[in-house]
Number of protein chains: 2
Amino acid sequence: MHYINVLKNSILFYGIEPKDVNEMLSCLSSYIKEYKKDEIILSESEYVDKIGIIISGCARSIKNDVSGKTTIITLLNEGSYVGVLLAASKNRESPVSVQASDNTIVLYIPIDNVFRRCEKNCVRHEILTRNLFDGLSQKAMVLHDRNDCLIKSTLRDKIMTYLIRLSKEQNSAEFVLPLDRNGLSEYLNADRSALSRELSKMQKEGLINFTKNHFRLN
Amino acid sequence: MHYINVLKNSILFYGIEPKDVNEMLSCLSSYIKEYKKDEIILSESEYVDKIGIIISGCARSIKNDVSGKTTIITLLNEGSYVGVLLAASKNRESPVSVQASDNTIVLYIPIDNVFRRCEKNCVRHEILTRNLFDGLSQKAMVLHDRNDCLIKSTLRDKIMTYLIRLSKEQNSAEFVLPLDRNGLSEYLNADRSALSRELSKMQKEGLINFTKNHFRLN
DNA sequence: TAAATTTCGTTGCCCTGGCAACATAACTCC
DNA sequence: GGAGTTATGTTGCCAGGGCAACGAAATTTA
């Protein structure tokens with residue numbers, strides 16, 4: 001089980017002794033499932049009662065809007081959760097589909113088993129629920145952060161909000177932009193060329209400096 | 001303790017015998033705090049290690065952007081959580097302030113106590129953590145839903161996304177809009193007059209019908 | 001019921017930013 | 001190194017929608 005290495009570093013099993021992880025997995029009735037590239041891991045409008053963790057491969061959550069256009073919501077990698085947000089709200093159908101971008105292995109844990117505790121391993125269970133809680137709130141924060149950009153009225157404010165956040169995260173007025181221009185434009189829900197135009201303007205006005213993906217706030 | 005009535009119907013204590021709630025409250029080392037109208041309940045950039053539940057009064061979460069303009073993020077009522085999202089991510093400072101809109105009473109429960117379980121009441125603790133998880137994911141879904149509107153490129157698509165959601169929630173092509181025009185425009189991050197204009201257009205084109213806050217999708 | 005206040009629709013003006021088309025780098029493969 | 005791709009910047013065009021100002025309903029207060 002080479003994927004133990006992924007799990008013991010995952011946010012779900014963080015703080016749990018690697019040697020205990022195996023035992024817990026069976027205690028939780030977890031199971032794994034494999035998907036081929038492009039296969040659908042989770043369908044829009046499906047109901048979910050288990051949490052998934054990608055132990056190998058990668059995927060993307062996508063969404064089709066009314067007109068049928070596909071939008072990528074999130075990129076999921078090794079260690080990422082699939083459907084945590086949904087697992088809790090059982091009466092809620094999935095707003096997104098998740099599609100494997102590559103051959104992918106997912107570990108599933110029925111959500112009920114995470115909460116139900118067997119007598120013997122109370123402490124580890126406590127860590128587990130707490131970790132799950134952490135992971136969920138992180139996911140929520142990701143949503144919050146994007147909202148924070150999207151609610152700005154001008155493109156410039158969107159950009160600034162994002163850059164300021166990066167600057168804080170990296171603790172410096174100089175920082176690296178983890179997205180390419182196209183990725184950033186999608187994240188901010190803007191046109192790529194308009195983004196480039198605005199970035200150039202902002203640099204001309206001395207607000208920021210950048211070369212390639214290395215930015216600096218002034 | 002009249003607020004027991006609020007609590008036993010709250011999402012946190014849902015499914016727990018009202019008679020048990022009192023005992024649990026002391027077991028959890030909960031405590032209450034009162035705030036006067038306009039008083040700050042939670043400050044931006046504060047760190048949080050407890051969850052709050054409004055047991056009387058109401059509040060709003062607000063945010064000051066770079067230019068100092070204040071935006072209302074959420075309205076909080078009796079039974080609403082304060083800072084759940086934050087309580088989990090301890091290393092994360094609050095992105096919003098929460099201000100009492102009225103004289104308000106908040107019940108606090110240290111987050112650690114929610115996870116740490118005393119031997120005697122394991123079952124209730126299990127319900128509690130599950131409820132908390134539910135509540136958190138609901139909050140996340142609220143964020144998701146708003147995102148869903150905001151990422152649309154045109155105002156019309158934003159409106160439609162929102163209306164379709166309402167229609168689904170109310171299980172009918174006819175439904176009531178819970179916001180006034182101004183509220184809707186803020187939610188969709190649009191101009192009120194532009195919103196009115198677009199709604200009128202959509203009605204002229206036969207896409208929707210509405211009188212006052214009663215809408216119908218065609 | 002009259003006056004005042006709030007809510008909603010309408011419209012003209014004009015700017016932000018989406019779209020398309022093209023130029024330049026930068027990078028990848030033969 | 002040349003050809004093909006991909007990432008980024010630039011620019012003209014123009015429409016979507018923000019802004020302001022106004023009028024009409026609707027609701028509240030006196």
# chains A, B, ... in the order shown; residues from 1 in each chain; ligands from 1
>>> residues_around(residues="D:DT29", least_positions_apart="4", cutoff="10 Å", atoms="only C-alpha atoms (C1' of nucleotides)", output="PyMOL selection string")
chain C and resi 3-5
>>> residues_around(residues="stretch 6-15 of chain D", least_positions_apart="2", cutoff="9 Å", atoms="only C-alpha atoms (C1' of nucleotides)", output="PDB file with C-alpha atoms (C1' of nucleotides), in the first residue's frame")
ATOM      1  CA  ASP A 180      -0.378  32.027 -15.368  1.00  0.00           C
ATOM      2  CA  ARG A 181      -2.187  34.968 -16.911  1.00  0.00           C
ATOM      3  CA  ASN A 182      -4.936  32.839 -18.276  1.00  0.00           C
ATOM      4  CA  SER A 193      -6.369  40.563 -22.571  1.00  0.00           C
ATOM      5  CA  SER A 196      -2.955  42.148 -19.253  1.00  0.00           C
ATOM      6  CA  ARG A 197      -4.039  45.645 -20.183  1.00  0.00           C
ATOM      7  CA  SER A 200       0.282  47.112 -17.647  1.00  0.00           C
ATOM      8  CA  LYS A 212       6.894  37.420 -15.593  1.00  0.00           C
TER       9      LYS A 212
ATOM     10  C1'  DG C  18     -15.162  41.859 -23.197  1.00  0.00           C
ATOM     11  C1'  DC C  19     -13.930  40.341 -27.858  1.00  0.00           C
ATOM     12  C1'  DC C  22      -2.288  40.514 -34.243  1.00  0.00           C
ATOM     13  C1'  DA C  23       2.717  40.852 -32.572  1.00  0.00           C
ATOM     14  C1'  DT C  24       6.370  38.992 -29.630  1.00  0.00           C
ATOM     15  C1'  DA C  25       8.427  36.144 -26.672  1.00  0.00           C
ATOM     16  C1'  DA C  26       9.212  31.759 -24.625  1.00  0.00           C
ATOM     17  C1'  DC C  27       9.113  26.926 -24.825  1.00  0.00           C
TER      18       DC C  27
ATOM     19  C1'  DG D  17     -23.740  47.853 -17.447  1.00  0.00           C
TER      20       DG D  17
END
>>> residues_around(residues="B:Ala140", least_positions_apart="2", cutoff="10 Å", atoms="only C-alpha atoms (C1' of nucleotides)", output="list in words")
Leu85, Leu86, Leu136, Ser137, Gln138, Lys139, Ala140, Met141, Val142, Leu143 and His144 of chain A; Leu85, Asp134, Gly135, Leu136, Ser137, Gln138, Val142, Leu143, His144 and Asp145 of chain B
>>> write_last_selection(atoms="N, CA, C and O atoms", output="PDB file, in the first residue's frame")
ATOM      1  N   LEU A  85     -17.444  18.769   1.256  1.00  0.00           N
ATOM      2  CA  LEU A  85     -18.471  19.766   1.486  1.00  0.00           C
ATOM      3  C   LEU A  85     -19.846  19.153   1.370  1.00  0.00           C
ATOM      4  O   LEU A  85     -20.783  19.520   2.071  1.00  0.00           O
ATOM      5  N   LEU A  86     -19.943  18.210   0.478  1.00  0.00           N
ATOM      6  CA  LEU A  86     -21.236  17.597   0.204  1.00  0.00           C
ATOM      7  C   LEU A  86     -21.576  16.514   1.200  1.00  0.00           C
ATOM      8  O   LEU A  86     -22.737  16.315   1.559  1.00  0.00           O
ATOM      9  N   LEU A 136     -12.517  21.097   5.986  1.00  0.00           N
ATOM     10  CA  LEU A 136     -13.744  21.691   5.490  1.00  0.00           C
ATOM     11  C   LEU A 136     -13.678  23.210   5.569  1.00  0.00           C
ATOM     12  O   LEU A 136     -14.064  23.915   4.628  1.00  0.00           O
ATOM     13  N   SER A 137     -13.164  23.700   6.681  1.00  0.00           N
ATOM     14  CA  SER A 137     -13.112  25.146   6.817  1.00  0.00           C
ATOM     15  C   SER A 137     -12.098  25.742   5.852  1.00  0.00           C
ATOM     16  O   SER A 137     -12.265  26.859   5.369  1.00  0.00           O
ATOM     17  N   GLN A 138     -11.069  24.964   5.561  1.00  0.00           N
ATOM     18  CA  GLN A 138     -10.121  25.445   4.540  1.00  0.00           C
ATOM     19  C   GLN A 138     -10.803  25.586   3.192  1.00  0.00           C
ATOM     20  O   GLN A 138     -10.622  26.575   2.489  1.00  0.00           O
ATOM     21  N   LYS A 139     -11.596  24.582   2.861  1.00  0.00           N
ATOM     22  CA  LYS A 139     -12.334  24.647   1.598  1.00  0.00           C
ATOM     23  C   LYS A 139     -13.240  25.874   1.577  1.00  0.00           C
ATOM     24  O   LYS A 139     -13.360  26.566   0.565  1.00  0.00           O
ATOM     25  N   ALA A 140     -13.878  26.105   2.702  1.00  0.00           N
ATOM     26  CA  ALA A 140     -14.760  27.263   2.787  1.00  0.00           C
ATOM     27  C   ALA A 140     -13.979  28.559   2.623  1.00  0.00           C
ATOM     28  O   ALA A 140     -14.434  29.497   1.963  1.00  0.00           O
ATOM     29  N   MET A 141     -12.788  28.580   3.196  1.00  0.00           N
ATOM     30  CA  MET A 141     -11.964  29.777   3.094  1.00  0.00           C
ATOM     31  C   MET A 141     -11.547  30.050   1.650  1.00  0.00           C
ATOM     32  O   MET A 141     -11.458  31.190   1.226  1.00  0.00           O
ATOM     33  N   VAL A 142     -11.297  28.987   0.941  1.00  0.00           N
ATOM     34  CA  VAL A 142     -10.949  29.137  -0.469  1.00  0.00           C
ATOM     35  C   VAL A 142     -12.100  29.822  -1.209  1.00  0.00           C
ATOM     36  O   VAL A 142     -11.896  30.738  -2.006  1.00  0.00           O
ATOM     37  N   LEU A 143     -13.298  29.380  -0.904  1.00  0.00           N
ATOM     38  CA  LEU A 143     -14.469  30.004  -1.509  1.00  0.00           C
ATOM     39  C   LEU A 143     -14.579  31.461  -1.086  1.00  0.00           C
ATOM     40  O   LEU A 143     -14.831  32.348  -1.899  1.00  0.00           O
ATOM     41  N   HIS A 144     -14.380  31.672   0.199  1.00  0.00           N
ATOM     42  CA  HIS A 144     -14.461  33.038   0.713  1.00  0.00           C
ATOM     43  C   HIS A 144     -13.469  33.953   0.007  1.00  0.00           C
ATOM     44  O   HIS A 144     -13.801  35.070  -0.384  1.00  0.00           O
TER      45      HIS A 144
ATOM     46  N   LEU B  85     -16.540  29.226  10.870  1.00  0.00           N
ATOM     47  CA  LEU B  85     -15.567  28.994   9.830  1.00  0.00           C
ATOM     48  C   LEU B  85     -14.161  29.252  10.326  1.00  0.00           C
ATOM     49  O   LEU B  85     -13.207  28.585   9.942  1.00  0.00           O
ATOM     50  N   ASP B 134     -22.313  19.853   9.816  1.00  0.00           N
ATOM     51  CA  ASP B 134     -23.418  20.261   8.959  1.00  0.00           C
ATOM     52  C   ASP B 134     -23.477  21.777   8.801  1.00  0.00           C
ATOM     53  O   ASP B 134     -23.582  22.293   7.696  1.00  0.00           O
ATOM     54  N   GLY B 135     -23.409  22.442   9.927  1.00  0.00           N
ATOM     55  CA  GLY B 135     -23.528  23.894   9.911  1.00  0.00           C
ATOM     56  C   GLY B 135     -22.414  24.525   9.109  1.00  0.00           C
ATOM     57  O   GLY B 135     -22.626  25.459   8.327  1.00  0.00           O
ATOM     58  N   LEU B 136     -21.237  23.983   9.294  1.00  0.00           N
ATOM     59  CA  LEU B 136     -20.090  24.512   8.582  1.00  0.00           C
ATOM     60  C   LEU B 136     -20.251  24.309   7.075  1.00  0.00           C
ATOM     61  O   LEU B 136     -19.997  25.213   6.287  1.00  0.00           O
ATOM     62  N   SER B 137     -20.707  23.147   6.720  1.00  0.00           N
ATOM     63  CA  SER B 137     -20.849  22.893   5.288  1.00  0.00           C
ATOM     64  C   SER B 137     -21.979  23.726   4.698  1.00  0.00           C
ATOM     65  O   SER B 137     -21.924  24.133   3.541  1.00  0.00           O
ATOM     66  N   GLN B 138     -22.974  23.999   5.506  1.00  0.00           N
ATOM     67  CA  GLN B 138     -24.027  24.904   5.024  1.00  0.00           C
ATOM     68  C   GLN B 138     -23.462  26.282   4.720  1.00  0.00           C
ATOM     69  O   GLN B 138     -23.763  26.893   3.698  1.00  0.00           O
ATOM     70  N   VAL B 142     -23.395  28.308   1.170  1.00  0.00           N
ATOM     71  CA  VAL B 142     -23.844  29.681   0.936  1.00  0.00           C
ATOM     72  C   VAL B 142     -22.809  30.431   0.113  1.00  0.00           C
ATOM     73  O   VAL B 142     -23.138  31.134  -0.842  1.00  0.00           O
ATOM     74  N   LEU B 143     -21.557  30.235   0.484  1.00  0.00           N
ATOM     75  CA  LEU B 143     -20.479  30.869  -0.265  1.00  0.00           C
ATOM     76  C   LEU B 143     -20.450  30.343  -1.697  1.00  0.00           C
ATOM     77  O   LEU B 143     -20.320  31.095  -2.657  1.00  0.00           O
ATOM     78  N   HIS B 144     -20.569  29.026  -1.794  1.00  0.00           N
ATOM     79  CA  HIS B 144     -20.551  28.417  -3.112  1.00  0.00           C
ATOM     80  C   HIS B 144     -21.662  28.982  -4.003  1.00  0.00           C
ATOM     81  O   HIS B 144     -21.436  29.307  -5.164  1.00  0.00           O
ATOM     82  N   ASP B 145     -22.838  29.081  -3.429  1.00  0.00           N
ATOM     83  CA  ASP B 145     -23.987  29.539  -4.210  1.00  0.00           C
ATOM     84  C   ASP B 145     -23.798  30.965  -4.716  1.00  0.00           C
ATOM     85  O   ASP B 145     -24.169  31.294  -5.836  1.00  0.00           O
TER      86      ASP B 145
END
>>> closest_atom_pairs(of="chain D", to="chain B", cutoff="10 Å", atoms="only C-alpha atoms (C1' of nucleotides)", output="tab-separated table")
residue	atom	partner	partner_atom	distance
D:DG16	C1'	B:Thr154	CA	7.7
D:DG17	C1'	B:Ala194	CA	6.3
D:DG18	C1'	B:Asp191	CA	6.3
D:DC19	C1'	B:Asp191	CA	8.6
>>> interface_residues(of="chain A", to="chain B", cutoff="9 Å", atoms="only C-alpha atoms", output="JSON, numbers by chain")
{"A": [65, 66, 84, 85, 86, 87, 88, 89, 90, 95, 112, 115, 116, 117, 122, 123, 126, 127, 129, 130, 131, 132, 133, 134, 135, 136, 137, 138, 139, 140, 141, 143, 144, 145, 146, 147, 150, 151, 152, 153, 157, 160, 161, 187, 188, 189, 190]}
>>> write_last_selection(atoms="C-alpha atoms", output="PDB file, in the first residue's frame")
ATOM      1  CA  ASP A  65     -24.006  26.354 -16.898  1.00  0.00           C
ATOM      2  CA  VAL A  66     -27.385  26.908 -18.466  1.00  0.00           C
ATOM      3  CA  VAL A  84     -16.244  16.790   1.696  1.00  0.00           C
ATOM      4  CA  LEU A  85     -18.471  19.766   1.486  1.00  0.00           C
ATOM      5  CA  LEU A  86     -21.236  17.597   0.204  1.00  0.00           C
ATOM      6  CA  ALA A  87     -20.773  14.634   2.487  1.00  0.00           C
ATOM      7  CA  ALA A  88     -22.053  16.658   5.382  1.00  0.00           C
ATOM      8  CA  SER A  89     -25.100  18.149   3.724  1.00  0.00           C
ATOM      9  CA  LYS A  90     -26.782  14.957   2.723  1.00  0.00           C
ATOM     10  CA  PRO A  95     -23.366  21.419  -7.718  1.00  0.00           C
ATOM     11  CA  ASP A 112     -20.934   8.235   9.164  1.00  0.00           C
ATOM     12  CA  PHE A 115     -18.302  10.532  13.351  1.00  0.00           C
ATOM     13  CA  ARG A 116     -19.270   7.222  14.875  1.00  0.00           C
ATOM     14  CA  ARG A 117     -16.552   6.258  17.281  1.00  0.00           C
ATOM     15  CA  CYS A 122     -11.264   7.657  20.852  1.00  0.00           C
ATOM     16  CA  VAL A 123      -8.216   9.858  20.764  1.00  0.00           C
ATOM     17  CA  GLU A 126     -10.943  13.060  17.941  1.00  0.00           C
ATOM     18  CA  ILE A 127      -7.972  14.037  15.842  1.00  0.00           C
ATOM     19  CA  THR A 129     -12.895  14.733  13.236  1.00  0.00           C
ATOM     20  CA  ARG A 130     -10.901  17.797  14.033  1.00  0.00           C
ATOM     21  CA  ASN A 131      -8.804  17.353  10.922  1.00  0.00           C
ATOM     22  CA  LEU A 132     -11.897  16.922   8.840  1.00  0.00           C
ATOM     23  CA  PHE A 133     -13.307  20.060  10.348  1.00  0.00           C
ATOM     24  CA  ASP A 134     -10.085  21.869   9.500  1.00  0.00           C
ATOM     25  CA  GLY A 135     -10.186  20.639   5.941  1.00  0.00           C
ATOM     26  CA  LEU A 136     -13.744  21.691   5.490  1.00  0.00           C
ATOM     27  CA  SER A 137     -13.112  25.146   6.817  1.00  0.00           C
ATOM     28  CA  GLN A 138     -10.121  25.445   4.540  1.00  0.00           C
ATOM     29  CA  LYS A 139     -12.334  24.647   1.598  1.00  0.00           C
ATOM     30  CA  ALA A 140     -14.760  27.263   2.787  1.00  0.00           C
ATOM     31  CA  MET A 141     -11.964  29.777   3.094  1.00  0.00           C
ATOM     32  CA  LEU A 143     -14.469  30.004  -1.509  1.00  0.00           C
ATOM     33  CA  HIS A 144     -14.461  33.038   0.713  1.00  0.00           C
ATOM     34  CA  ASP A 145     -11.208  34.272  -0.731  1.00  0.00           C
ATOM     35  CA  ARG A 146     -12.436  34.010  -4.269  1.00  0.00           C
ATOM     36  CA  ASN A 147     -15.640  35.770  -3.322  1.00  0.00           C
ATOM     37  CA  LEU A 150     -15.256  38.673  -7.258  1.00  0.00           C
ATOM     38  CA  ILE A 151     -17.318  41.146  -5.271  1.00  0.00           C
ATOM     39  CA  LYS A 152     -15.068  44.025  -6.247  1.00  0.00           C
ATOM     40  CA  SER A 153     -16.655  46.199  -8.877  1.00  0.00           C
ATOM     41  CA  ASP A 157      -9.849  46.146  -7.442  1.00  0.00           C
ATOM     42  CA  MET A 160      -5.415  44.282  -6.142  1.00  0.00           C
ATOM     43  CA  THR A 161      -7.439  42.176  -3.722  1.00  0.00           C
ATOM     44  CA  TYR A 187      -9.979  33.065 -11.310  1.00  0.00           C
ATOM     45  CA  LEU A 188     -10.966  36.716 -11.363  1.00  0.00           C
ATOM     46  CA  ASN A 189     -13.630  36.043 -13.925  1.00  0.00           C
ATOM     47  CA  ALA A 190     -12.168  38.492 -16.384  1.00  0.00           C
TER      48      ALA A 190
END
>>> residues_around(residues="stretch 16-21 of chain A", least_positions_apart="3", cutoff="8 Å", atoms="only C-alpha atoms (C1' of nucleotides)", output="count of residues only")
8
>>> select_by_dssp(residues="stretch 2-174 of chain B", states="helix (DSSP H, G or I)", output="number ranges by chain")
B: 4-8, 18-27, 84-88, 111-115, 119-150, 155-169
>>> closest_residue(among="A:Val48, A:Thr70, A:Ile109, A:Ala100", to="A:Ile32", atoms="only C-alpha atoms")
A:Ile109
>>> residues_around(residues="C:DT11", least_positions_apart="2", cutoff="10 Å", atoms="only C-alpha atoms (C1' of nucleotides)", output="ChimeraX atom specification")
/B:197 /C:9,13 /D:21-22
>>> interface_residues(of="chain C", to="chain B", cutoff="9 Å", atoms="only C-alpha atoms (C1' of nucleotides)", output="ChimeraX atom specification")
/C:7-10
>>> write_last_selection(atoms="C-alpha atoms (C1' of nucleotides)", output="compact mmCIF listing (two decimals), in the first residue's frame")
# COMPACT_ATOMS: atom_id res chain seq x y z
C1' DT C 7 -38.80 51.21 -3.11
C1' DC C 8 -38.82 50.41 -7.92
C1' DG C 9 -38.75 51.33 -12.85
C1' DT C 10 -36.91 54.24 -16.80
>>> residues_around(residues="B:Ile54", least_positions_apart="2", cutoff="10 Å", atoms="only C-alpha atoms (C1' of nucleotides)", output="PyMOL selection string")
chain B and resi 3+6-7+10+32-34+52+56-59+76-82+104-108
>>> select_by_dssp(residues="stretch 12-211 of chain A", states="strand (DSSP E or B)", output="number ranges by chain")
A: 31-35, 40-42, 50-56, 59-64, 70-76, 81-82, 97-100, 104-110, 174-176, 208-211
>>> atom_distance(atom1="atom CA of B:Asn64", atom2="atom CA of A:Lys201")
24.8 Å
>>> decode(residues="stretch 139-163 of chain A", atoms="N, CA, C and O atoms", output="PDB file, in the first residue's frame")
ATOM      1  N   LYS A 139     -11.596  24.582   2.861  1.00  0.00           N
ATOM      2  CA  LYS A 139     -12.334  24.647   1.598  1.00  0.00           C
ATOM      3  C   LYS A 139     -13.240  25.874   1.577  1.00  0.00           C
ATOM      4  O   LYS A 139     -13.360  26.566   0.565  1.00  0.00           O
ATOM      5  N   ALA A 140     -13.878  26.105   2.702  1.00  0.00           N
ATOM      6  CA  ALA A 140     -14.760  27.263   2.787  1.00  0.00           C
ATOM      7  C   ALA A 140     -13.979  28.559   2.623  1.00  0.00           C
ATOM      8  O   ALA A 140     -14.434  29.497   1.963  1.00  0.00           O
ATOM      9  N   MET A 141     -12.788  28.580   3.196  1.00  0.00           N
ATOM     10  CA  MET A 141     -11.964  29.777   3.094  1.00  0.00           C
ATOM     11  C   MET A 141     -11.547  30.050   1.650  1.00  0.00           C
ATOM     12  O   MET A 141     -11.458  31.190   1.226  1.00  0.00           O
ATOM     13  N   VAL A 142     -11.297  28.987   0.941  1.00  0.00           N
ATOM     14  CA  VAL A 142     -10.949  29.137  -0.469  1.00  0.00           C
ATOM     15  C   VAL A 142     -12.100  29.822  -1.209  1.00  0.00           C
ATOM     16  O   VAL A 142     -11.896  30.738  -2.006  1.00  0.00           O
ATOM     17  N   LEU A 143     -13.298  29.380  -0.904  1.00  0.00           N
ATOM     18  CA  LEU A 143     -14.469  30.004  -1.509  1.00  0.00           C
ATOM     19  C   LEU A 143     -14.579  31.461  -1.086  1.00  0.00           C
ATOM     20  O   LEU A 143     -14.831  32.348  -1.899  1.00  0.00           O
ATOM     21  N   HIS A 144     -14.380  31.672   0.199  1.00  0.00           N
ATOM     22  CA  HIS A 144     -14.461  33.038   0.713  1.00  0.00           C
ATOM     23  C   HIS A 144     -13.469  33.953   0.007  1.00  0.00           C
ATOM     24  O   HIS A 144     -13.801  35.070  -0.384  1.00  0.00           O
ATOM     25  N   ASP A 145     -12.263  33.455  -0.137  1.00  0.00           N
ATOM     26  CA  ASP A 145     -11.208  34.272  -0.731  1.00  0.00           C
ATOM     27  C   ASP A 145     -11.539  34.644  -2.171  1.00  0.00           C
ATOM     28  O   ASP A 145     -11.282  35.754  -2.614  1.00  0.00           O
ATOM     29  N   ARG A 146     -12.099  33.701  -2.884  1.00  0.00           N
ATOM     30  CA  ARG A 146     -12.436  34.010  -4.269  1.00  0.00           C
ATOM     31  C   ARG A 146     -13.574  35.018  -4.306  1.00  0.00           C
ATOM     32  O   ARG A 146     -13.548  35.975  -5.081  1.00  0.00           O
ATOM     33  N   ASN A 147     -14.556  34.812  -3.439  1.00  0.00           N
ATOM     34  CA  ASN A 147     -15.640  35.770  -3.322  1.00  0.00           C
ATOM     35  C   ASN A 147     -15.108  37.170  -3.094  1.00  0.00           C
ATOM     36  O   ASN A 147     -15.591  38.136  -3.678  1.00  0.00           O
ATOM     37  N   ASP A 148     -14.141  37.225  -2.236  1.00  0.00           N
ATOM     38  CA  ASP A 148     -13.557  38.488  -1.874  1.00  0.00           C
ATOM     39  C   ASP A 148     -13.058  39.248  -3.098  1.00  0.00           C
ATOM     40  O   ASP A 148     -13.158  40.471  -3.166  1.00  0.00           O
ATOM     41  N   CYS A 149     -12.522  38.529  -4.039  1.00  0.00           N
ATOM     42  CA  CYS A 149     -12.087  39.156  -5.288  1.00  0.00           C
ATOM     43  C   CYS A 149     -13.275  39.480  -6.172  1.00  0.00           C
ATOM     44  O   CYS A 149     -13.390  40.578  -6.709  1.00  0.00           O
ATOM     45  N   LEU A 150     -14.161  38.530  -6.306  1.00  0.00           N
ATOM     46  CA  LEU A 150     -15.256  38.673  -7.258  1.00  0.00           C
ATOM     47  C   LEU A 150     -16.211  39.815  -6.920  1.00  0.00           C
ATOM     48  O   LEU A 150     -16.822  40.387  -7.802  1.00  0.00           O
ATOM     49  N   ILE A 151     -16.353  40.109  -5.624  1.00  0.00           N
ATOM     50  CA  ILE A 151     -17.318  41.146  -5.271  1.00  0.00           C
ATOM     51  C   ILE A 151     -16.808  42.556  -5.542  1.00  0.00           C
ATOM     52  O   ILE A 151     -17.564  43.510  -5.421  1.00  0.00           O
ATOM     53  N   LYS A 152     -15.548  42.699  -5.897  1.00  0.00           N
ATOM     54  CA  LYS A 152     -15.068  44.025  -6.247  1.00  0.00           C
ATOM     55  C   LYS A 152     -15.687  44.452  -7.566  1.00  0.00           C
ATOM     56  O   LYS A 152     -15.910  43.632  -8.457  1.00  0.00           O
ATOM     57  N   SER A 153     -15.936  45.751  -7.687  1.00  0.00           N
ATOM     58  CA  SER A 153     -16.655  46.199  -8.877  1.00  0.00           C
ATOM     59  C   SER A 153     -15.744  46.395 -10.081  1.00  0.00           C
ATOM     60  O   SER A 153     -16.144  46.132 -11.204  1.00  0.00           O
ATOM     61  N   THR A 154     -14.528  46.843  -9.867  1.00  0.00           N
ATOM     62  CA  THR A 154     -13.651  47.063 -11.014  1.00  0.00           C
ATOM     63  C   THR A 154     -12.608  45.960 -11.109  1.00  0.00           C
ATOM     64  O   THR A 154     -12.248  45.340 -10.118  1.00  0.00           O
ATOM     65  N   LEU A 155     -12.130  45.773 -12.316  1.00  0.00           N
ATOM     66  CA  LEU A 155     -11.113  44.760 -12.539  1.00  0.00           C
ATOM     67  C   LEU A 155      -9.869  45.070 -11.705  1.00  0.00           C
ATOM     68  O   LEU A 155      -9.268  44.183 -11.105  1.00  0.00           O
ATOM     69  N   ARG A 156      -9.546  46.344 -11.649  1.00  0.00           N
ATOM     70  CA  ARG A 156      -8.353  46.723 -10.883  1.00  0.00           C
ATOM     71  C   ARG A 156      -8.482  46.304  -9.422  1.00  0.00           C
ATOM     72  O   ARG A 156      -7.525  45.788  -8.831  1.00  0.00           O
ATOM     73  N   ASP A 157      -9.644  46.525  -8.844  1.00  0.00           N
ATOM     74  CA  ASP A 157      -9.849  46.146  -7.442  1.00  0.00           C
ATOM     75  C   ASP A 157      -9.766  44.635  -7.258  1.00  0.00           C
ATOM     76  O   ASP A 157      -9.269  44.147  -6.251  1.00  0.00           O
ATOM     77  N   LYS A 158     -10.283  43.912  -8.232  1.00  0.00           N
ATOM     78  CA  LYS A 158     -10.172  42.458  -8.158  1.00  0.00           C
ATOM     79  C   LYS A 158      -8.714  42.038  -8.127  1.00  0.00           C
ATOM     80  O   LYS A 158      -8.295  41.234  -7.298  1.00  0.00           O
ATOM     81  N   ILE A 159      -7.964  42.598  -9.057  1.00  0.00           N
ATOM     82  CA  ILE A 159      -6.546  42.259  -9.132  1.00  0.00           C
ATOM     83  C   ILE A 159      -5.845  42.612  -7.824  1.00  0.00           C
ATOM     84  O   ILE A 159      -5.131  41.802  -7.239  1.00  0.00           O
ATOM     85  N   MET A 160      -6.084  43.832  -7.366  1.00  0.00           N
ATOM     86  CA  MET A 160      -5.415  44.282  -6.142  1.00  0.00           C
ATOM     87  C   MET A 160      -5.755  43.384  -4.962  1.00  0.00           C
ATOM     88  O   MET A 160      -4.873  43.026  -4.176  1.00  0.00           O
ATOM     89  N   THR A 161      -7.018  43.040  -4.831  1.00  0.00           N
ATOM     90  CA  THR A 161      -7.439  42.176  -3.722  1.00  0.00           C
ATOM     91  C   THR A 161      -6.666  40.868  -3.754  1.00  0.00           C
ATOM     92  O   THR A 161      -6.179  40.386  -2.734  1.00  0.00           O
ATOM     93  N   TYR A 162      -6.526  40.341  -4.956  1.00  0.00           N
ATOM     94  CA  TYR A 162      -5.808  39.080  -5.087  1.00  0.00           C
ATOM     95  C   TYR A 162      -4.329  39.248  -4.767  1.00  0.00           C
ATOM     96  O   TYR A 162      -3.745  38.468  -4.024  1.00  0.00           O
ATOM     97  N   LEU A 163      -3.742  40.286  -5.313  1.00  0.00           N
ATOM     98  CA  LEU A 163      -2.309  40.493  -5.095  1.00  0.00           C
ATOM     99  C   LEU A 163      -2.008  40.754  -3.623  1.00  0.00           C
ATOM    100  O   LEU A 163      -1.021  40.252  -3.080  1.00  0.00           O
TER     101      LEU A 163
END
